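Asker: Have a look at this one before I ask anything.
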Amino acid sequence: MSKLDSFVAELQKAERALARRDKRLGAFIKHYGPCSIRPHTRYFHTLVGSIISQQLSTKAADTIHKRFLALYAPTRLPKPAQILATPDDDLRATGISFPKISYIKDIAAKTEDGTLKFNRLSKMTDDEIIEMLTQVKGVGVWTVHMFLIFSLGRFDVLPVGDLGIRRGIQLAYGFDELPNAEQIEQIADENGWRPYCSIASWYLWRSLENSAS
């Protein structure tokens, strides 16, 4: 069995367990179908993309990211050294702000000097990865939580600071206001989400697709 096949099998196990333990999630799982999270190894470029997209609409972020990649055509994904060698004014012309340029170059520099050990991620705990990646300017815990879920495919990440998770729990579990981190942890514990909090989170995000803003 390939790594991907093993991952999908574990996802299916998670979906069955969550549906059995939590009737609300069970309804979401039945409605939205299989979880589509798939891990990948484009770690450096994922973090760069996360920086580019901060505080932007999806459309604006996509436009700027395409301009950024066009600087390095025909190379599809630039190497850290290429980014470090690119004048700030050239990067600014793509629409990336100067603060974000400094963050992107910080990621590139820390990748080049070995501060970011992407080749060791599979052997590191979630907390170790959070500690390592938040050394980068502009990369906070929320960004790392998304990285853990969608890049590394870690199964038990609960992004308590994510607005979508807070809103999804508020609607699904009857909170009058957005729940805080402690309340979110309590919901996870009471409904048996562990060790599959990432999968529960994915379904909570999906549950917001047709909800009123």
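Ligands are numbered from 1 in the order shown, residues from 1 within each chain, and chains are lettered A, B, ... in the order they appear in the structure tokens.
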What residues in region 123-175 of chain A get the DSSP label alpha helix (DSSP H)? Please answer as a PyMOL selection string.

Answerer: chain A and resi 126-133+141-150+163-173

Asker: List the spatial neighbours of Leu148 (chain A) as a list in words - criterion: any atom at most 10 Å away, only C-alpha atoms, same-chain residues fewer than 3 positions off excluded.

Answerer: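 Surrounding residues, per the criterion: Pro39, Leu121, Asp126, Ile129, Ile130, Trp142, Thr143, Val144, His145, Ser151, Leu152, Gly153, Arg154, Phe155, Asp156, Val157 and Ser198 of chain A.
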
Asker: For the residues in that selection, give me C-alpha atoms as a PDB file, in the first residue's frame.

Answerer:
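Everything below was put into selection-v6.pdb:
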```pdb
ATOM      1  CA  PRO A  39      -0.425  15.926   2.216  1.00  0.00           C
ATOM      2  CA  LEU A 121       9.429  17.554   9.408  1.00  0.00           C
ATOM      3  CA  ASP A 126       3.474  19.341  15.969  1.00  0.00           C
ATOM      4  CA  ILE A 129       7.185  22.346  14.029  1.00  0.00           C
ATOM      5  CA  ILE A 130       5.247  25.273  15.490  1.00  0.00           C
ATOM      6  CA  TRP A 142      -2.517  29.967  12.748  1.00  0.00           C
ATOM      7  CA  THR A 143      -0.349  29.704   9.614  1.00  0.00           C
ATOM      8  CA  VAL A 144       1.497  26.737  11.084  1.00  0.00           C
ATOM      9  CA  HIS A 145      -1.767  25.041  12.046  1.00  0.00           C
ATOM     10  CA  SER A 151       0.691  20.221   3.894  1.00  0.00           C
ATOM     11  CA  LEU A 152       1.766  17.572   6.393  1.00  0.00           C
ATOM     12  CA  GLY A 153      -1.600  15.873   6.811  1.00  0.00           C
ATOM     13  CA  ARG A 154      -1.370  15.834  10.600  1.00  0.00           C
ATOM     14  CA  PHE A 155      -4.586  14.382  11.969  1.00  0.00           C
ATOM     15  CA  ASP A 156      -4.925  15.945  15.404  1.00  0.00           C
ATOM     16  CA  VAL A 157      -4.573  19.717  14.961  1.00  0.00           C
ATOM     17  CA  SER A 198      -7.960  18.124  11.908  1.00  0.00           C
TER      18      SER A 198
END
```

Asker: Would you mind listing what lies within 10 Å of Ala14 (chain A) as a PDB file with C-alpha atoms, in the first residue's frame, with only C-alpha atoms counted and same-chain residues fewer than 4 positions away left out?

Answerer:
```
ATOM      1  CA  VAL A   8      -6.730   7.811   2.719  1.00  0.00           C
ATOM      2  CA  ALA A   9      -7.410   4.640   4.725  1.00  0.00           C
ATOM      3  CA  GLU A  10      -6.640   6.537   7.933  1.00  0.00           C
ATOM      4  CA  LEU A  18     -16.085  10.937  14.287  1.00  0.00           C
ATOM      5  CA  ALA A  19     -19.468  10.038  12.811  1.00  0.00           C
ATOM      6  CA  ARG A  20     -19.954   7.448  15.543  1.00  0.00           C
ATOM      7  CA  CYS A  35     -12.426  14.530   3.433  1.00  0.00           C
ATOM      8  CA  PHE A 155      -4.586  14.382  11.969  1.00  0.00           C
ATOM      9  CA  TRP A 193     -12.631  14.363  18.345  1.00  0.00           C
ATOM     10  CA  ARG A 194      -9.159  13.259  19.345  1.00  0.00           C
ATOM     11  CA  PRO A 195      -7.012  12.031  17.673  1.00  0.00           C
ATOM     12  CA  TYR A 196      -8.828  13.424  14.623  1.00  0.00           C
ATOM     13  CA  CYS A 197      -9.281  17.152  15.350  1.00  0.00           C
ATOM     14  CA  SER A 198      -7.960  18.124  11.908  1.00  0.00           C
ATOM     15  CA  ILE A 199     -10.663  16.085  10.230  1.00  0.00           C
ATOM     16  CA  ALA A 200     -13.341  17.505  12.511  1.00  0.00           C
TER      17      ALA A 200
END
```

Asker: In Å, rounded to a single decimal, give me how far CA of Phe44 (chain A) is from CA of Leu4 (chain A).

Answerer: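 For CA of Leu4 (chain A) relative to CA of Phe44 (chain A), the distance reads 20.8 Å.
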
Asker: Quick one: everything within 9 Å of region 92-101 of chain A, counting only C-alpha atoms, minus sequence neighbours fewer than 5 positions away in the same chain. Send it as a list in words.

Answerer: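 In the requested format, the answer is Ile51, Ile52, Gln54, Thr63, Ile64, His65, Lys66, Arg67, Phe68, Leu71, Pro87, Asp106, Lys137 and Gly138 of chain A.
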
Asker: Give me the residues within 12 Å of Ile187 (chain A) as a count of residues only, counting only C-alpha atoms and dropping any in the same chain fewer than 6 places off.

Answerer: 23

Asker: Take CA of Ser53 (chain A) and CA of Leu116 (chain A) and report the distance between them in Å, one decimal.

Answerer: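 That distance, rounded to one decimal, is 20.8 Å.
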
Asker: Select, from A:Glu182, A:Trp202, A:Lys3, A:Ser102, the residue with the minimum atom-to-atom distance to Pro34 (chain A), counting only C-alpha atoms.

Answerer: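 Distance minimum relative to Pro34 (chain A) lands on A:Trp202.
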